[in-house]
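Pasting my_file.cif here (mmCIF, C-alpha atoms):
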```cif
data_data
loop_
_atom_site.label_atom_id
_atom_site.label_comp_id
_atom_site.auth_asym_id
_atom_site.auth_seq_id
_atom_site.Cartn_x
_atom_site.Cartn_y
_atom_site.Cartn_z
CA MET A 1 70.48 106.83 130.66
CA SER A 2 70.41 103.09 131.30
CA ASN A 3 72.52 101.03 128.93
CA VAL A 4 70.27 98.01 129.38
CA PHE A 5 68.68 97.02 126.06
CA ASN A 6 65.01 97.99 125.75
CA PHE A 7 63.04 96.92 122.68
CA ASN A 8 60.42 99.67 122.95
CA ARG A 9 63.17 102.27 123.20
CA LEU A 10 64.84 100.74 120.14
CA CYS A 11 61.60 101.09 118.14
CA ALA A 12 61.28 104.70 119.29
CA LEU A 13 64.88 105.37 118.23
CA ILE A 14 64.28 103.84 114.79
CA ARG A 15 61.26 106.12 114.31
CA ARG A 16 63.26 109.12 115.50
CA GLN A 17 66.19 108.32 113.22
CA TRP A 18 63.86 108.15 110.22
CA ILE A 19 62.92 111.77 110.88
CA ALA A 20 66.63 112.65 110.95
CA VAL A 21 67.85 110.60 107.99
CA GLY A 22 64.67 109.91 106.03
CA LYS A 23 65.16 112.77 103.56
CA ILE A 24 68.73 111.72 102.86
CA TYR A 25 67.61 108.14 102.26
CA MET A 26 64.83 109.23 99.91
CA MET A 27 67.25 111.44 97.97
CA SER A 28 69.66 108.53 97.67
CA ILE A 29 66.89 106.26 96.40
CA VAL A 30 65.83 108.87 93.81
CA ILE A 31 69.43 109.16 92.58
CA ILE A 32 69.79 105.38 92.35
CA ALA A 33 66.47 105.17 90.50
CA GLY A 34 67.76 107.80 88.07
CA VAL A 35 70.88 105.72 87.41
CA PHE A 36 68.75 102.62 86.73
CA VAL A 37 66.44 104.49 84.37
CA ALA A 38 69.40 106.05 82.56
CA PHE A 39 71.04 102.67 81.89
CA TYR A 40 67.82 101.07 80.66
CA SER A 41 66.81 104.09 78.55
CA PHE A 42 70.24 104.46 76.93
CA SER A 43 70.48 100.77 76.06
CA ILE A 44 66.93 100.56 74.68
CA PHE A 45 67.18 103.85 72.75
CA ASN A 46 70.45 102.84 71.09
CA ASN A 47 69.00 99.52 69.96
CA TYR A 48 65.36 100.43 69.42
CA GLY A 49 65.42 99.77 65.67
CA ASP A 50 66.87 96.29 66.13
CA ILE A 51 64.52 95.55 69.03
CA SER A 52 61.45 96.33 66.91
CA THR A 53 62.42 93.88 64.18
CA HIS A 54 64.53 91.27 65.96
CA SER A 55 63.14 90.21 69.33
CA GLU A 56 66.12 87.93 69.94
CA MET A 57 68.18 91.08 70.55
CA GLY A 58 66.75 91.03 74.06
CA ARG A 59 69.47 88.64 75.15
CA TYR A 60 72.08 91.30 74.40
CA VAL A 61 70.35 94.65 74.96
CA LEU A 62 69.81 94.05 78.67
CA ASN A 63 72.99 92.13 79.44
CA PHE A 64 74.17 95.04 81.62
CA ARG A 65 71.65 94.24 84.35
CA GLN A 66 73.60 91.82 86.49
CA PRO A 67 76.87 93.84 86.64
CA LEU A 68 74.87 97.01 87.31
CA PHE A 69 72.80 95.39 90.04
CA TYR A 70 75.74 93.88 91.90
CA PHE A 71 78.36 96.61 91.62
CA LEU A 72 76.08 99.60 92.10
CA GLY A 73 74.41 97.82 95.01
CA LEU A 74 77.69 97.29 96.82
CA PHE A 75 78.68 100.91 96.15
CA PHE A 76 75.32 102.12 97.47
CA ILE A 77 75.74 100.13 100.69
CA THR A 78 79.19 101.60 101.29
CA ILE A 79 77.94 105.18 100.80
CA ILE A 80 74.99 104.76 103.16
CA SER A 81 77.06 102.94 105.79
CA SER A 82 79.89 105.46 105.72
CA SER A 83 77.56 108.42 106.20
CA TYR A 84 75.50 107.12 109.14
CA PHE A 85 77.92 107.98 111.97
CA SER A 86 79.84 110.65 110.07
CA ASP A 87 78.56 113.34 112.48
CA LEU A 88 80.73 111.83 115.21
CA GLY A 89 83.72 113.40 113.47
CA GLN A 90 82.35 116.91 114.13
CA LYS A 91 82.35 117.97 117.78
CA THR A 92 79.18 120.05 117.74
CA LYS A 93 77.15 117.38 115.96
CA ALA A 94 78.84 114.57 117.89
CA ILE A 95 77.58 115.95 121.20
CA PHE A 96 74.02 115.97 119.89
CA GLU A 97 74.42 112.44 118.52
CA LEU A 98 75.85 111.07 121.75
CA MET A 99 73.13 112.69 123.85
CA ILE A 100 70.34 110.74 122.12
CA PRO A 101 68.38 108.95 124.90
CA ALA A 102 69.19 105.37 123.93
CA SER A 103 71.70 102.74 124.93
CA ARG A 104 74.81 102.10 122.86
CA LEU A 105 73.45 98.76 121.67
CA GLU A 106 70.18 100.36 120.58
CA LYS A 107 72.05 103.03 118.62
CA PHE A 108 74.19 100.41 116.94
CA LEU A 109 71.24 98.14 116.09
CA SER A 110 69.42 101.13 114.66
CA ALA A 111 72.45 101.86 112.47
CA VAL A 112 72.59 98.27 111.19
CA PHE A 113 68.83 98.31 110.59
CA TYR A 114 68.98 101.41 108.39
CA THR A 115 72.31 100.86 106.63
CA ALA A 116 72.00 97.13 105.98
CA ILE A 117 68.40 95.94 106.17
CA VAL A 118 66.44 99.00 105.00
CA SER A 119 68.99 100.13 102.41
CA LEU A 120 69.50 96.68 100.91
CA SER A 121 65.77 95.92 100.82
CA ALA A 122 64.95 99.29 99.25
CA TYR A 123 67.68 98.87 96.64
CA ILE A 124 66.55 95.38 95.61
CA LEU A 125 62.89 96.39 95.48
CA LEU A 126 63.68 99.52 93.45
CA PHE A 127 65.77 97.62 90.90
CA PHE A 128 63.09 94.97 90.48
CA LEU A 129 60.39 97.63 89.96
CA VAL A 130 62.43 99.53 87.35
CA ASP A 131 63.28 96.27 85.58
CA LEU A 132 59.64 95.19 85.71
CA ALA A 133 58.52 98.47 84.11
CA PHE A 134 61.05 98.47 81.26
CA VAL A 135 60.85 94.76 80.46
CA SER A 136 57.04 94.90 80.51
CA TYR A 137 57.24 97.74 78.00
CA LEU A 138 59.62 95.77 75.77
CA ARG A 139 57.39 92.71 75.91
CA SER A 140 54.46 94.85 74.80
CA ILE A 141 56.03 96.22 71.60
CA GLY A 142 56.64 92.92 69.88
CA SER A 143 57.13 89.20 70.23
CA SER A 144 58.95 88.30 73.42
CA THR A 145 59.82 84.75 72.37
CA THR A 146 61.86 83.08 69.66
CA THR A 147 61.26 79.54 68.46
CA ILE A 148 64.44 77.59 67.73
CA GLN A 149 64.33 74.38 65.75
CA MET A 150 66.29 71.68 67.54
CA GLU A 151 66.95 68.32 65.93
CA PRO A 152 65.84 65.71 66.72
CA SER A 153 64.08 66.94 69.89
CA GLY A 154 61.85 69.41 68.05
CA GLN A 155 61.28 73.08 68.82
CA VAL A 156 62.51 75.11 71.77
CA VAL A 157 60.83 78.40 72.74
CA VAL A 158 63.26 81.00 74.15
CA ASP A 159 62.03 83.96 76.20
CA ASN A 160 64.03 86.96 74.96
CA TRP A 161 62.72 89.48 77.49
CA LYS A 162 63.20 87.82 80.83
CA TYR A 163 62.59 89.80 83.98
CA PHE A 164 65.63 90.15 86.19
CA PHE A 165 64.26 87.78 88.81
CA GLN A 166 63.82 85.13 86.08
CA ILE A 167 67.43 85.23 84.95
CA GLU A 168 69.39 82.15 85.90
CA LYS A 169 71.98 83.11 88.49
CA SER A 170 75.32 81.45 89.06
CA GLU A 171 75.17 78.45 91.35
CA PHE A 172 78.11 79.94 93.25
CA LEU A 173 76.37 83.27 93.93
CA PRO A 174 74.96 82.30 97.38
CA TYR A 175 78.51 81.87 98.68
CA PHE A 176 79.03 85.62 98.24
CA TYR A 177 75.82 86.85 99.91
CA PHE A 178 77.95 88.04 102.81
CA LEU A 179 79.58 90.79 100.71
CA PRO A 180 77.04 93.61 101.30
CA PHE A 181 77.04 92.87 105.02
CA ILE A 182 80.81 92.80 105.39
CA LEU A 183 81.02 96.10 103.48
CA ASN A 184 78.33 97.51 105.74
CA ALA A 185 80.28 96.45 108.82
CA LEU A 186 83.57 97.80 107.48
CA PHE A 187 82.20 101.21 106.45
CA LEU A 188 80.18 101.57 109.66
CA LEU A 189 83.42 100.99 111.55
CA GLY A 190 85.17 103.56 109.37
CA SER A 191 82.44 106.17 109.91
CA ILE A 192 82.96 105.84 113.68
CA ALA A 193 86.73 105.43 113.78
CA TYR A 194 87.75 108.27 111.45
CA GLN A 195 87.02 111.91 112.23
CA ASN A 196 87.03 113.16 108.65
CA TYR A 197 87.13 111.82 105.09
CA GLN A 198 85.58 108.66 106.46
CA TYR A 199 84.65 107.19 103.09
CA ILE A 200 88.04 107.78 101.48
CA LYS A 201 90.00 106.44 104.42
CA THR A 202 87.75 103.42 104.77
CA ALA A 203 87.95 102.77 101.02
CA ILE A 204 91.75 102.74 101.19
CA THR A 205 91.57 100.33 104.12
CA MET A 206 89.12 98.20 102.16
CA ILE A 207 91.45 98.04 99.15
CA ILE A 208 94.19 96.72 101.41
CA TYR A 209 91.70 94.29 102.94
CA ILE A 210 90.60 93.07 99.47
CA ALA A 211 94.20 92.51 98.48
CA VAL A 212 94.74 90.42 101.60
CA TRP A 213 91.44 88.64 100.96
CA ILE A 214 92.37 87.73 97.38
CA ILE A 215 95.78 86.47 98.42
CA THR A 216 94.18 84.43 101.20
CA PHE A 217 91.53 83.08 98.84
CA ILE A 218 94.13 82.00 96.27
CA TYR A 219 96.20 80.41 99.00
CA VAL A 220 93.21 78.55 100.43
CA MET A 221 92.15 77.37 96.96
CA LYS A 222 95.68 76.16 96.26
CA LEU A 223 95.94 74.50 99.65
CA THR A 224 92.64 72.66 99.37
CA THR A 225 92.90 71.61 95.72
CA ASP A 226 96.59 70.71 95.33
CA ASN A 227 97.10 67.00 94.80
CA THR A 228 93.36 66.35 95.08
CA ILE A 229 92.24 66.70 91.45
CA ASP A 230 91.99 63.56 89.38
CA ILE A 231 90.24 62.69 86.14
CA ASP A 232 86.88 62.73 87.90
CA ASN A 233 85.38 66.17 87.35
CA ASN A 234 82.98 65.64 90.25
CA ASN A 235 85.88 65.59 92.71
CA TYR A 236 87.15 68.92 91.40
CA PHE A 237 83.66 70.38 91.68
CA ASP A 238 83.38 69.16 95.27
CA GLU A 239 86.72 70.69 96.19
CA LYS A 240 85.64 73.99 94.64
CA ILE A 241 82.43 73.92 96.68
CA HIS A 242 84.39 73.21 99.87
CA SER A 243 86.68 76.17 99.16
CA LEU A 244 83.72 78.48 98.59
CA GLN A 245 82.08 77.23 101.78
CA LEU A 246 85.27 78.13 103.62
CA VAL A 247 85.28 81.60 102.02
CA LEU A 248 81.64 82.08 103.09
CA ALA A 249 82.43 81.02 106.66
CA ILE A 250 85.43 83.38 106.82
CA GLY A 251 83.32 86.19 105.34
CA ILE A 252 80.57 85.75 107.94
CA PHE A 253 83.15 85.57 110.73
CA LEU A 254 84.86 88.79 109.57
CA THR A 255 81.50 90.55 109.24
CA LEU A 256 80.71 89.76 112.87
CA ILE A 257 84.21 90.88 113.88
CA PHE A 258 83.84 94.23 112.08
CA TRP A 259 80.39 94.79 113.57
CA GLY A 260 81.80 93.99 116.99
CA LEU A 261 84.67 96.42 116.51
CA ALA A 262 82.25 99.11 115.33
CA PHE A 263 80.13 98.62 118.44
CA LEU A 264 83.18 98.82 120.72
CA LYS A 265 84.37 101.94 118.91
CA LEU A 266 80.93 103.51 119.42
CA LYS A 267 81.15 102.73 123.14
CA GLU A 268 84.60 104.31 123.21
CA LYS A 269 83.21 107.50 121.63
CA GLU A 270 80.62 107.80 124.40
CA VAL A 271 83.07 107.37 127.25
#
```

Encoded form (structure tokens):
Amino acid sequence: MSNVFNFNRLCALIRRQWIAVGKIYMMSIVIIAGVFVAFYSFSIFNNYGDISTHSEMGRYVLNFRQPLFYFLGLFFITIISSSYFSDLGQKTKAIFELMIPASRLEKFLSAVFYTAIVSLSAYILLFFLVDLAFVSYLRSIGSSTTTIQMEPSGQVVVDNWKYFFQIEKSEFLPYFYFLPFILNALFLLGSIAYQNYQYIKTAITMIIYIAVWIITFIYVMKLTTDNTIDIDNNNYFDEKIHSLQLVLAIGIFLTLIFWGLAFLKLKEKEV
């Protein structure tokens, strides 16, 4: 088998891998959907009486959405990533996996495609659809807006049942968009490097990594902001932005490093 990259062969491998892992992915999506529905149903059921009479409760009933979306999403990515190459830890299955007629690069790109792109896209789409269904229902059972009298500017209309995609996100959120990808890279590496208990071992490694990351972040923040803050709040804001830009750059760099190490480890397995 030639190890020269071939796009048509990559497409064929992606189709083949869907046959192999498609059922597992669909089961994972169903479980995640069940978790979403459970959170929404529990919160709405517990507050249904208040919701029917006080529409402004919407600002509090669904305040679990952002933590649920972010934390469960990161957990989902780690599970999917850690399971993709887990067969390499079992000799009988490893032989079958290594004998797949595709180059190492094609196998690795297929893994990134399924564990990062497909999984992340499916998760986001699923959450938005569940949120759309429940919020649409809530908007249909009563008034979705509250009018607040503001003096002297007049009245302000507040939408109590905002869809998730309408919620105002933190302005600092884009600086952490690398997180699902760095977790994907780290757990892909762990699924190749460890022969058994890949998720647990990688999770322990990740905890150590996070500790180092937090210490580094605090050090960088201290280094870049010490003796630079004056009475002008804009200067402090600018320094904070520069620190987050540095964190983003480091995060992207480490993601590429982990992906590179995972690819090299996959090559080592095939030798």

- May I ask which of the residues A:Phe45, A:Phe263, A:Tyr175, A:Phe217 is the closest one to A:Lys107, counting only C-alpha atoms? A:Phe263

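Counting from atom CA of A:Leu132, the distance to atom CA of A:Lys162 is 9.5 Å.
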
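Residues with any atom within 12 Å of A:Gly260, counting only C-alpha atoms and excluding same-chain neighbours fewer than 3 positions away, are Leu105, Phe108, Leu109, Val112, Ile182, Ala185, Leu186, Leu188, Leu189, Phe253, Leu254, Thr255, Leu256, Ile257, Phe263, Leu264, Lys265, Leu266 and Lys267 of chain A.
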
- Please measure the separation of atom CA of A:Arg9 and atom CA of A:Met99, giving the value in Å to one decimal.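 Going from atom CA of A:Arg9 over to atom CA of A:Met99 covers 14.4 Å.
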
- Nearby residues (all atoms listed in the file) at most 12 Å from A:Lys201, same-chain spacing under 5 positions excluded, as a PyMOL selection string: chain A and resi 82+186-187+189-196+206-208

- Query: Applied to the shown file, which residues does the PyMOL selection byres ((chain A and resi 29) around 12) return, written as a PyMOL selection string?
  - Reply: chain A and resi 22-28+30-36+73+76-77+79-80+118-127

List the residues matched by the PyMOL selection byres ((chain A and resi 6) around 12) in the displayed structure as an mmCIF file with C-alpha atoms, in the frame of the given file, ordered by chain and then by residue number.
```cif
data_model
loop_
_atom_site.group_PDB
_atom_site.id
_atom_site.type_symbol
_atom_site.label_atom_id
_atom_site.label_comp_id
_atom_site.auth_asym_id
_atom_site.auth_seq_id
_atom_site.Cartn_x
_atom_site.Cartn_y
_atom_site.Cartn_z
ATOM 1 C CA MET A 1 70.480 106.830 130.660
ATOM 2 C CA SER A 2 70.410 103.090 131.300
ATOM 3 C CA ASN A 3 72.520 101.030 128.930
ATOM 4 C CA VAL A 4 70.270 98.010 129.380
ATOM 5 C CA PHE A 5 68.680 97.020 126.060
ATOM 6 C CA PHE A 7 63.040 96.920 122.680
ATOM 7 C CA ASN A 8 60.420 99.670 122.950
ATOM 8 C CA ARG A 9 63.170 102.270 123.200
ATOM 9 C CA LEU A 10 64.840 100.740 120.140
ATOM 10 C CA CYS A 11 61.600 101.090 118.140
ATOM 11 C CA ALA A 12 61.280 104.700 119.290
ATOM 12 C CA LEU A 13 64.880 105.370 118.230
ATOM 13 C CA PRO A 101 68.380 108.950 124.900
ATOM 14 C CA ALA A 102 69.190 105.370 123.930
ATOM 15 C CA SER A 103 71.700 102.740 124.930
ATOM 16 C CA ARG A 104 74.810 102.100 122.860
ATOM 17 C CA LEU A 105 73.450 98.760 121.670
ATOM 18 C CA GLU A 106 70.180 100.360 120.580
ATOM 19 C CA LYS A 107 72.050 103.030 118.620
ATOM 20 C CA LEU A 109 71.240 98.140 116.090
#
```

- Note on the structure: Computed gap from atom CA of A:Arg65 to atom CA of A:Leu138 is 14.9 Å

- Message: Give me, as a PyMOL selection string, all polymer residues having an atom no more than 10 Å from A:Phe164, counting all atoms listed in the file and skipping those fewer than 6 positions away in the same chain.
- Response: chain A and resi 62+65-66+69+127-132+135

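Nearest residue to A:Lys169 among A:Tyr137, A:Phe39, A:Tyr70, A:Tyr48 is A:Tyr70, counting all atoms listed in the file.
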
- Between A:Asn184, A:Ser41, A:Gln198, A:Gln166, single out the one closest to A:Thr115, counting all atoms listed in the file.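 With all atoms listed in the file as the atom set, the closest residue is A:Asn184.
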